[in-house]
file coords_3.txt (compact mmCIF, C-alpha atoms)
# COMPACT_ATOMS: atom_id res chain seq x y z
CA MET I 30 -95.50 -106.63 -10.85
CA ARG I 31 -94.29 -105.60 -14.28
CA ILE I 32 -90.84 -104.14 -14.61
CA GLU I 33 -92.14 -101.11 -16.51
CA GLU I 34 -93.78 -100.01 -13.27
CA ILE I 35 -90.37 -99.76 -11.61
CA ASN I 36 -87.78 -98.80 -14.20
CA ARG I 37 -87.84 -96.90 -17.43
CA LYS I 38 -86.69 -98.95 -20.38
CA LEU I 39 -83.37 -98.10 -22.01
CA GLN I 40 -82.74 -97.49 -25.67
CA ILE I 41 -80.04 -100.03 -26.44
CA GLU I 42 -78.72 -100.82 -29.91
CA THR I 43 -78.83 -104.55 -30.54
CA GLU I 44 -78.25 -107.02 -33.34
CA LEU I 45 -80.28 -109.76 -31.64
CA SER I 46 -83.15 -111.06 -33.73
CA GLU I 47 -85.93 -110.66 -31.15
CA LYS I 48 -87.89 -107.46 -31.82
CA ASP I 49 -89.64 -107.16 -28.44
CA ILE I 50 -86.64 -106.91 -26.09
CA ALA I 51 -86.98 -104.41 -23.25
CA TRP I 52 -83.51 -103.50 -21.92
CA TYR I 53 -82.67 -102.57 -18.33
CA ASP I 54 -79.49 -101.70 -16.48
CA ALA I 55 -78.46 -104.59 -14.20
CA ALA I 56 -77.48 -101.96 -11.61
CA GLU I 57 -81.17 -101.22 -11.02
CA ASP I 58 -82.52 -102.25 -7.63
CA ILE I 59 -84.92 -104.83 -9.06
CA PHE I 60 -81.82 -106.91 -9.88
CA VAL I 61 -79.83 -107.99 -6.82
CA LYS I 62 -76.03 -107.94 -7.10
CA TYR I 63 -73.62 -110.17 -5.19
CA GLY I 64 -69.85 -110.54 -4.97
CA ILE I 65 -69.03 -106.83 -5.32
CA VAL I 66 -67.96 -104.06 -2.96
CA SER I 67 -70.43 -101.36 -1.95
CA SER I 68 -69.28 -98.95 -4.60
CA ASP I 69 -70.55 -97.03 -7.59
CA GLU I 70 -67.46 -98.09 -9.55
CA ASP I 71 -68.45 -100.74 -12.09
CA TYR I 72 -68.52 -104.32 -10.76
CA LEU I 73 -65.51 -104.36 -8.43
CA ARG I 74 -64.57 -107.14 -6.01
CA LEU I 75 -62.15 -104.86 -4.17
CA PRO I 76 -62.05 -101.06 -3.85
CA ARG I 77 -59.52 -99.52 -6.22
CA THR I 78 -57.86 -97.58 -3.42
CA VAL I 79 -57.28 -100.77 -1.43
CA ALA I 80 -56.10 -102.67 -4.51
CA LYS I 81 -53.53 -99.98 -5.34
CA SER I 82 -52.23 -100.05 -1.77
CA VAL I 83 -51.64 -103.82 -2.00
CA SER I 84 -49.77 -104.13 -5.31
CA GLU I 85 -49.83 -103.15 -8.95
CA GLY I 86 -50.87 -106.69 -9.82
CA VAL I 87 -53.90 -106.67 -7.52
CA ALA I 88 -54.84 -103.23 -8.86
CA ASP I 89 -54.84 -104.71 -12.37
CA LEU I 90 -57.10 -107.60 -11.32
CA CYS I 91 -59.57 -106.01 -8.91
CA ASP I 92 -62.08 -105.30 -11.68
CA ASN I 93 -62.02 -108.87 -13.01
CA THR I 94 -65.52 -110.02 -12.11
CA SER I 95 -64.93 -113.54 -10.81
CA GLY I 96 -67.69 -114.49 -8.37
CA VAL I 97 -69.91 -111.54 -9.28
CA ARG I 98 -73.55 -112.53 -9.69
CA VAL I 99 -76.85 -110.85 -10.50
CA ARG I 100 -80.08 -112.46 -9.29
CA LEU I 101 -83.45 -111.72 -10.87
CA SER I 102 -86.95 -113.16 -10.94
CA THR I 103 -89.02 -113.02 -14.11
CA ASP I 104 -91.51 -114.90 -16.25
CA SER I 105 -89.77 -113.82 -19.46
CA CYS I 106 -89.37 -116.58 -22.03
CA TYR I 107 -85.83 -115.34 -22.69
CA ILE I 108 -83.11 -113.43 -20.90
CA ALA I 109 -80.69 -111.47 -23.05
CA ILE I 110 -77.53 -109.67 -21.98
CA LYS I 111 -75.45 -106.89 -23.44
CA ALA I 112 -72.10 -106.59 -21.66
CA VAL I 113 -69.80 -103.60 -21.97
CA SER I 114 -66.11 -104.15 -21.23
CA PRO I 115 -62.98 -102.05 -21.79
CA SER I 116 -61.23 -105.12 -23.22
CA SER I 117 -61.46 -108.87 -23.70
CA SER I 118 -58.98 -111.14 -21.96
CA HIS I 119 -57.50 -114.11 -23.84
CA SER I 120 -55.32 -116.99 -22.66
CA PRO I 121 -54.09 -120.15 -24.40
CA LYS I 122 -55.04 -122.17 -21.28
CA MET I 123 -58.52 -120.87 -20.56
CA PRO I 124 -61.72 -121.09 -22.61
CA LEU I 125 -63.13 -117.72 -23.66
CA THR I 126 -66.47 -118.81 -22.19
CA GLY I 127 -64.82 -118.84 -18.76
CA ARG I 128 -62.58 -115.79 -18.98
CA CYS I 129 -65.04 -113.49 -20.76
CA GLY I 130 -68.40 -115.28 -20.75
CA PHE I 131 -71.52 -115.25 -18.59
CA ASP I 132 -73.77 -118.17 -17.81
CA LEU I 133 -77.30 -118.57 -16.48
CA TYR I 134 -78.89 -120.75 -13.80
CA LYS I 135 -82.46 -121.04 -12.59
CA GLU I 136 -83.74 -121.95 -9.13
CA PHE I 137 -86.45 -124.51 -8.64
CA GLY I 138 -87.42 -126.38 -5.49
CA GLY I 139 -84.47 -124.93 -3.58
CA GLN I 140 -81.96 -126.12 -6.19
CA GLN I 141 -80.15 -124.42 -9.06
CA PHE I 142 -80.05 -125.80 -12.58
CA PHE I 143 -77.88 -124.79 -15.52
CA VAL I 144 -79.82 -123.06 -18.31
CA GLY I 145 -77.13 -121.98 -20.74
CA THR I 146 -73.96 -120.04 -21.53
CA TYR I 147 -73.86 -116.59 -23.06
CA ILE I 148 -71.21 -117.28 -25.70
CA PRO I 149 -68.75 -114.37 -26.16
CA TYR I 150 -67.46 -113.20 -29.53
CA LEU I 151 -63.93 -113.85 -30.75
CA ASP I 152 -63.78 -110.71 -32.86
CA LYS I 153 -65.10 -108.05 -30.47
CA GLU I 154 -62.94 -106.64 -27.69
CA THR I 155 -65.34 -104.35 -25.83
CA GLY I 156 -68.17 -106.64 -24.84
CA TYR I 157 -70.89 -108.65 -26.53
CA GLU I 158 -74.57 -109.51 -26.53
CA SER I 159 -76.30 -112.86 -26.37
CA ILE I 160 -79.66 -114.40 -25.58
CA ILE I 161 -80.79 -117.55 -23.75
CA TYR I 162 -84.32 -118.90 -24.04
CA THR I 163 -85.61 -119.94 -20.62
CA GLY I 164 -88.50 -122.08 -21.80
CA ASN I 165 -90.77 -120.43 -19.24
CA THR I 166 -94.33 -120.29 -20.59
CA THR I 167 -96.14 -120.57 -17.24
CA GLY I 168 -96.64 -116.86 -16.60
CA LYS I 169 -95.02 -117.35 -13.18
CA ALA I 170 -91.77 -115.65 -12.21
CA VAL I 171 -88.71 -117.89 -11.79
CA ASN I 172 -85.51 -117.03 -9.94
CA TYR I 173 -82.36 -116.80 -12.08
CA ILE I 174 -78.67 -116.20 -11.41
CA ILE I 175 -76.34 -114.67 -13.98
CA ASN I 176 -72.68 -115.49 -13.29
CA PHE I 177 -70.08 -112.99 -14.48
CA PRO I 178 -66.74 -113.68 -16.24
CA THR I 179 -63.78 -114.91 -14.21
CA TYR I 180 -60.99 -112.93 -15.88
CA ASN I 181 -62.56 -109.90 -17.52
CA PRO I 182 -63.74 -106.48 -16.34
CA VAL I 183 -67.36 -105.48 -16.93
CA THR I 184 -68.27 -101.81 -16.81
CA LYS I 185 -71.95 -102.24 -17.68
CA LEU I 186 -74.40 -105.09 -17.99
CA TYR I 187 -77.80 -104.62 -19.61
CA ILE I 188 -80.45 -107.30 -19.18
CA GLY I 189 -83.06 -107.81 -21.89
CA LEU I 190 -86.48 -109.29 -21.13
CA LYS I 191 -89.50 -109.83 -23.31
CA GLU I 192 -91.62 -106.70 -23.45
CA GLY I 193 -94.29 -106.78 -20.73
CA SER I 194 -92.63 -109.54 -18.71
CA ARG I 195 -93.45 -109.91 -15.07
CA THR I 196 -90.64 -109.42 -12.52
CA GLU I 197 -90.47 -109.91 -8.79
CA THR I 198 -87.87 -109.42 -6.10
CA PRO I 199 -85.59 -112.48 -6.29
CA ASP I 200 -84.92 -114.77 -3.35
CA VAL I 201 -81.82 -114.15 -1.25
CA TYR I 202 -79.15 -116.59 -0.10
CA ALA I 203 -79.55 -118.61 3.08
CA ASN I 204 -76.51 -116.94 4.70
CA GLU I 205 -76.95 -113.18 5.18
CA LYS I 206 -73.18 -112.62 5.32
CA PRO I 207 -70.85 -113.97 2.61
CA VAL I 208 -68.08 -116.52 2.87
CA VAL I 209 -64.85 -114.76 1.83
CA PHE I 210 -62.40 -116.75 -0.32
CA TYR I 211 -58.86 -115.39 -0.63
CA GLY I 212 -56.34 -116.96 -2.95
CA SER I 213 -54.65 -117.41 -6.29
CA SER I 214 -55.60 -117.96 -9.93
CA ILE I 215 -57.34 -121.16 -8.85
CA THR I 216 -59.48 -119.14 -6.45
CA GLN I 217 -60.15 -116.66 -9.26
CA GLY I 218 -61.42 -119.45 -11.48
CA GLY I 219 -58.63 -120.48 -13.83
CA CYS I 220 -59.22 -122.61 -15.89
CA ALA I 221 -62.98 -123.28 -15.62
CA SER I 222 -64.81 -123.59 -18.93
CA ARG I 223 -67.51 -121.19 -17.74
CA PRO I 224 -68.05 -119.12 -14.57
CA GLY I 225 -70.68 -121.41 -13.07
CA ASN I 226 -68.04 -124.13 -12.78
CA ILE I 227 -65.59 -122.39 -10.45
CA TYR I 228 -65.56 -124.18 -7.12
CA GLN I 229 -67.18 -121.31 -5.20
CA ASN I 230 -70.17 -121.29 -7.53
CA ILE I 231 -70.51 -125.05 -7.20
CA LEU I 232 -70.52 -124.61 -3.42
CA SER I 233 -72.92 -121.69 -3.67
CA ARG I 234 -75.43 -123.83 -5.57
CA ALA I 235 -75.05 -126.76 -3.19
CA LEU I 236 -75.50 -124.67 -0.04
CA ASN I 237 -77.57 -121.70 -1.28
CA MET I 238 -74.56 -119.71 -0.11
CA ASP I 239 -73.41 -116.16 -0.80
CA TYR I 240 -69.69 -115.53 -1.13
CA LEU I 241 -67.03 -112.99 -2.12
CA CYS I 242 -64.21 -114.13 -4.41
CA LEU I 243 -60.91 -112.41 -3.66
CA GLY I 244 -58.80 -114.58 -5.95
CA PHE I 245 -55.98 -112.68 -7.64
CA SER I 246 -54.13 -114.62 -10.30
CA GLY I 247 -50.46 -114.84 -9.29
CA ARG I 248 -50.85 -111.89 -6.94
CA ALA I 249 -52.27 -113.29 -3.68
CA MET I 250 -49.29 -112.77 -1.38
CA GLY I 251 -50.94 -112.29 2.00
CA GLU I 252 -49.79 -108.68 2.24
CA LYS I 253 -50.55 -106.65 5.35
CA GLU I 254 -52.78 -104.24 3.40
CA ILE I 255 -55.07 -106.91 1.98
CA ALA I 256 -55.13 -108.78 5.30
CA GLU I 257 -56.29 -105.67 7.16
CA TYR I 258 -58.93 -104.93 4.54
CA MET I 259 -60.33 -108.47 4.61
CA ALA I 260 -60.34 -108.46 8.41
CA GLY I 261 -62.80 -105.57 8.27
CA LEU I 262 -65.30 -107.35 6.03
CA ASP I 263 -68.68 -108.43 7.40
CA MET I 264 -68.45 -112.16 6.69
CA CYS I 265 -69.67 -115.47 8.06
CA ALA I 266 -66.51 -117.49 7.29
CA PHE I 267 -63.04 -117.03 5.79
CA VAL I 268 -61.17 -119.37 3.45
CA SER I 269 -57.39 -118.96 3.04
CA ASP I 270 -56.18 -120.57 -0.19
CA TYR I 271 -53.12 -118.57 -1.26
CA ASP I 272 -50.08 -120.73 -0.45
CA HIS I 273 -49.19 -121.35 -4.12
CA ASN I 274 -48.79 -117.61 -4.89
CA ALA I 275 -46.15 -117.09 -2.21
CA PRO I 276 -42.76 -116.69 -3.99
CA ASN I 277 -41.31 -119.48 -1.82
CA SER I 278 -42.01 -121.44 1.34
CA GLU I 279 -40.02 -119.01 3.49
CA TYR I 280 -42.19 -116.10 2.35
CA LEU I 281 -45.27 -118.17 3.09
CA LYS I 282 -43.97 -118.92 6.59
CA ASN I 283 -43.58 -115.17 7.21
CA THR I 284 -47.11 -114.28 6.07
CA HIS I 285 -49.48 -117.23 6.51
CA PHE I 286 -49.98 -117.19 10.27
CA ALA I 287 -49.79 -113.39 10.29
CA LEU I 288 -52.77 -113.32 7.90
CA TYR I 289 -54.66 -115.66 10.21
CA GLU I 290 -53.91 -113.46 13.24
CA THR I 291 -55.05 -110.31 11.45
CA ILE I 292 -58.36 -111.89 10.40
CA ARG I 293 -58.91 -113.62 13.74
CA ASN I 294 -58.20 -110.54 15.88
CA LYS I 295 -61.15 -108.71 14.32
CA ASN I 296 -63.30 -111.80 13.79
CA PRO I 297 -62.86 -113.98 16.88
CA ASP I 298 -65.86 -116.22 16.23
CA ILE I 299 -66.07 -116.92 12.50
CA PRO I 300 -64.97 -120.26 11.04
CA TYR I 301 -61.52 -120.03 9.42
CA ILE I 302 -60.50 -122.61 6.80
CA MET I 303 -56.92 -123.16 5.61
CA ILE I 304 -56.46 -125.00 2.29
CA THR I 305 -53.26 -126.15 0.64
CA HIS I 306 -52.57 -126.38 -3.08
CA PRO I 307 -54.22 -129.40 -4.80
CA SER I 308 -50.90 -130.87 -5.89
CA LYS I 309 -49.08 -134.18 -5.66
CA GLY I 310 -47.22 -132.85 -2.66
CA ILE I 311 -43.59 -133.00 -3.81
CA ASN I 312 -40.59 -130.67 -3.41
CA GLU I 313 -41.57 -127.04 -2.76
CA ALA I 314 -45.26 -127.94 -2.53
CA THR I 315 -44.49 -130.20 0.44
CA LEU I 316 -42.76 -127.34 2.26
CA ARG I 317 -45.73 -125.07 1.65
CA ARG I 318 -48.17 -127.72 2.85
CA THR I 319 -46.08 -128.12 6.01
CA THR I 320 -46.17 -124.37 6.61
CA VAL I 321 -49.96 -124.25 6.34
CA MET I 322 -50.27 -127.25 8.63
CA GLU I 323 -47.99 -125.54 11.17
CA SER I 324 -50.25 -122.46 11.08
CA PHE I 325 -53.25 -124.68 11.72
CA ILE I 326 -51.59 -126.51 14.63
CA LYS I 327 -50.43 -123.23 16.15
CA ALA I 328 -53.98 -121.86 16.01
CA VAL I 329 -55.34 -125.03 17.63
CA ASP I 330 -52.68 -124.84 20.35
CA ARG I 331 -53.83 -121.30 21.10
CA GLY I 332 -57.31 -122.63 21.78
CA ASP I 333 -59.02 -121.80 18.46
CA LYS I 334 -61.96 -124.20 18.20
CA ASN I 335 -63.24 -122.76 14.92
CA ILE I 336 -60.22 -123.45 12.72
CA TYR I 337 -60.24 -126.04 9.90
CA PHE I 338 -57.59 -127.57 7.64
CA ILE I 339 -58.15 -129.07 4.18
CA ASP I 340 -55.26 -130.99 2.68
CA GLY I 341 -55.01 -130.08 -1.00
CA ASP I 342 -53.22 -133.37 -1.65
CA SER I 343 -56.52 -135.14 -1.08
CA LEU I 344 -58.62 -133.07 -3.48
CA PHE I 345 -57.28 -134.56 -6.73
CA ALA I 346 -56.15 -137.87 -5.24
CA GLY I 347 -56.77 -141.14 -7.00
CA ASP I 348 -56.90 -142.35 -10.57
CA GLU I 349 -58.51 -139.13 -11.80
CA TYR I 350 -55.59 -136.90 -10.75
CA ASP I 351 -54.17 -136.44 -14.25
CA SER I 352 -57.64 -135.53 -15.55
CA CYS I 353 -58.24 -132.73 -13.04
CA THR I 354 -56.01 -129.98 -14.44
CA VAL I 355 -55.25 -128.19 -17.67
CA ASP I 356 -51.53 -127.82 -17.09
CA GLY I 357 -50.68 -129.79 -13.97
CA CYS I 358 -51.70 -126.86 -11.78
CA HIS I 359 -54.92 -125.09 -12.78
CA PRO I 360 -58.13 -127.13 -12.44
CA ASN I 361 -60.44 -127.89 -15.31
CA ASP I 362 -64.14 -128.42 -14.63
CA LEU I 363 -63.53 -131.85 -13.13
CA GLY I 364 -60.84 -130.39 -10.89
CA PHE I 365 -63.13 -127.64 -9.63
CA TYR I 366 -65.85 -130.19 -8.98
CA ARG I 367 -63.39 -132.27 -6.96
CA MET I 368 -62.31 -129.19 -5.01
CA ALA I 369 -65.92 -128.28 -4.21
CA ARG I 370 -66.68 -131.85 -3.18
CA GLY I 371 -63.72 -131.80 -0.78
CA ILE I 372 -64.66 -128.45 0.79
CA LEU I 373 -68.44 -129.01 0.91
CA PRO I 374 -68.71 -131.14 4.09
CA ILE I 375 -66.84 -128.59 6.21
CA LEU I 376 -68.75 -125.59 4.87
CA LYS I 377 -72.03 -127.39 5.25
CA GLU I 378 -71.22 -128.14 8.90
CA ILE I 379 -69.96 -124.70 9.86
CA LEU I 380 -72.72 -122.77 8.08
CA TYR I 381 -75.47 -124.96 9.54
CA LEU I 382 -77.03 -125.29 6.11
CA GLY I 383 -78.84 -128.24 4.62

call {"tool": "encode", "arguments": {"input": "coords_3.txt", "output": "structure tokens"}}
result
Amino acid sequence: MRIEEINRKLQIETELSEKDIAWYDAAEDIFVKYGIVSSDEDYLRLPRTVAKSVSEGVADLCDNTSGVRVRLSTDSCYIAIKAVSPSSSHSPKMPLTGRCGFDLYKEFGGQQFFVGTYIPYLDKETGYESIIYTGNTTGKAVNYIINFPTYNPVTKLYIGLKEGSRTETPDVYANEKPVVFYGSSITQGGCASRPGNIYQNILSRALNMDYLCLGFSGRAMGEKEIAEYMAGLDMCAFVSDYDHNAPNSEYLKNTHFALYETIRNKNPDIPYIMITHPSKGINEATLRRTTVMESFIKAVDRGDKNIYFIDGDSLFAGDEYDSCTVDGCHPNDLGFYRMARGILPILKEILYLG
């Protein structure tokens, strides 16, 4: 099937050198979107009304596109993008390729392989365009995944394929319902060098797993409003990873088990994973770890047989600890790999995948 049979091409201004690019809106049905709410509002991870009810900080971050993905299947020898954004987000700690960039993976033999990064511009604040050559000359459609930026809003994404390219409906993930991850800036993806390297995307590739990233940098406080919203999501598992955003251990004690109860009351059968901060476990971090452990033990004592605990102290343990973060807190690519490696066995078991 050729894409011209399904969608009308768009007239998009471009400075890319290829002269035979046919542009299409990524919102078209032939491209399958993941990691967003069912909404006509841009690429949102959380409805704006819910975000505003939680906090001003969450409202500011809900349109950051961490964990958003578009899947497509094409025989095009290149895949170009043109992203439209109201602004570009910069940070001295995070590479622009992670905060504002996209990257591309292909699927082959049930596995995903990195193809390239769509490098953002330093001097343009409202989006950018880029092209990656796939090397596909077979005439057969290949499945691809485009990962969105971790810390930037995207209002529009246009996908450019070689004129006359063949497209097919892309494959779906093995789990029909997503795993929901709730947490802090680490959950949102700071400070991965590119979006494909956040720990959820590493897990997604390893398990052919769909997920929803509800990481809110510095703003994941376990509030009643966000807990009630998440409890209503249609999910296959829930991961709680927000202890390091609580203002102090006492606040965490007052919200952590309450969040669990809210999720569990509406989802009595799904696996629930509690994770603590991947730190050295000293001072305040030790108190927070103890609070999370107490929540876990309390749930077990109540008869919950589908509750899991991951000790963050173990994720960066060993000689590589000092090499796992950018600033002693936020993981770099090695840190995210170590996090994914520590979480993988439990997710693999509970999702019955692989």

call {"tool": "residues_around", "arguments": {"input": "coords_3.txt", "residues": "Ala112 (chain I)", "least_positions_apart": "6", "cutoff": "8 Å", "atoms": "all atoms listed in the file", "output": "ChimeraX atom specification"}}
result
/I:156-158,183-187

call {"tool": "residues_around", "arguments": {"input": "coords_3.txt", "residues": "Val209 (chain I)", "least_positions_apart": "2", "cutoff": "7 Å", "atoms": "all atoms listed in the file", "output": "mmCIF file with C-alpha atoms, in the coordinates of the input"}}
result
data_model
loop_
_atom_site.group_PDB
_atom_site.id
_atom_site.type_symbol
_atom_site.label_atom_id
_atom_site.label_comp_id
_atom_site.auth_asym_id
_atom_site.auth_seq_id
_atom_site.Cartn_x
_atom_site.Cartn_y
_atom_site.Cartn_z
ATOM 1 C CA PRO I 207 -70.850 -113.970 2.610
ATOM 2 C CA TYR I 211 -58.860 -115.390 -0.630
ATOM 3 C CA TYR I 240 -69.690 -115.530 -1.130
ATOM 4 C CA LEU I 241 -67.030 -112.990 -2.120
ATOM 5 C CA CYS I 242 -64.210 -114.130 -4.410
ATOM 6 C CA MET I 264 -68.450 -112.160 6.690
ATOM 7 C CA ALA I 266 -66.510 -117.490 7.290
ATOM 8 C CA PHE I 267 -63.040 -117.030 5.790
ATOM 9 C CA VAL I 268 -61.170 -119.370 3.450
#

call {"tool": "residues_around", "arguments": {"input": "coords_3.txt", "residues": "Thr163 (chain I)", "least_positions_apart": "3", "cutoff": "9 Å", "atoms": "only C-alpha atoms", "output": "PDB file with C-alpha atoms, keeping the file's coordinate frame"}}
result
ATOM      1  CA  ASP I 104     -91.510-114.900 -16.250  1.00  0.00           C
ATOM      2  CA  SER I 105     -89.770-113.820 -19.460  1.00  0.00           C
ATOM      3  CA  CYS I 106     -89.370-116.580 -22.030  1.00  0.00           C
ATOM      4  CA  TYR I 107     -85.830-115.340 -22.690  1.00  0.00           C
ATOM      5  CA  ILE I 108     -83.110-113.430 -20.900  1.00  0.00           C
ATOM      6  CA  LYS I 135     -82.460-121.040 -12.590  1.00  0.00           C
ATOM      7  CA  VAL I 144     -79.820-123.060 -18.310  1.00  0.00           C
ATOM      8  CA  GLY I 145     -77.130-121.980 -20.740  1.00  0.00           C
ATOM      9  CA  THR I 166     -94.330-120.290 -20.590  1.00  0.00           C
TER      10      THR I 166
END

call {"tool": "closest_residue", "arguments": {"input": "coords_3.txt", "among": "I:Asn296, I:Asn204, I:Gln141, I:Asn181", "to": "Thr94 (chain I)", "atoms": "only C-alpha atoms"}}
result
I:Asn181

call {"tool": "closest_residue", "arguments": {"input": "coords_3.txt", "among": "I:Ser114, I:Ser102, I:Ser194, I:Thr216", "to": "Tyr72 (chain I)", "atoms": "all atoms listed in the file"}}
result
I:Ser114

call {"tool": "residues_around", "arguments": {"input": "coords_3.txt", "residues": "Tyr147 (chain I)", "least_positions_apart": "5", "cutoff": "9 Å", "atoms": "only C-alpha atoms", "output": "NGL selection string"}}
result
:I and (109-110 or 126 or 130-133 or 158-161)
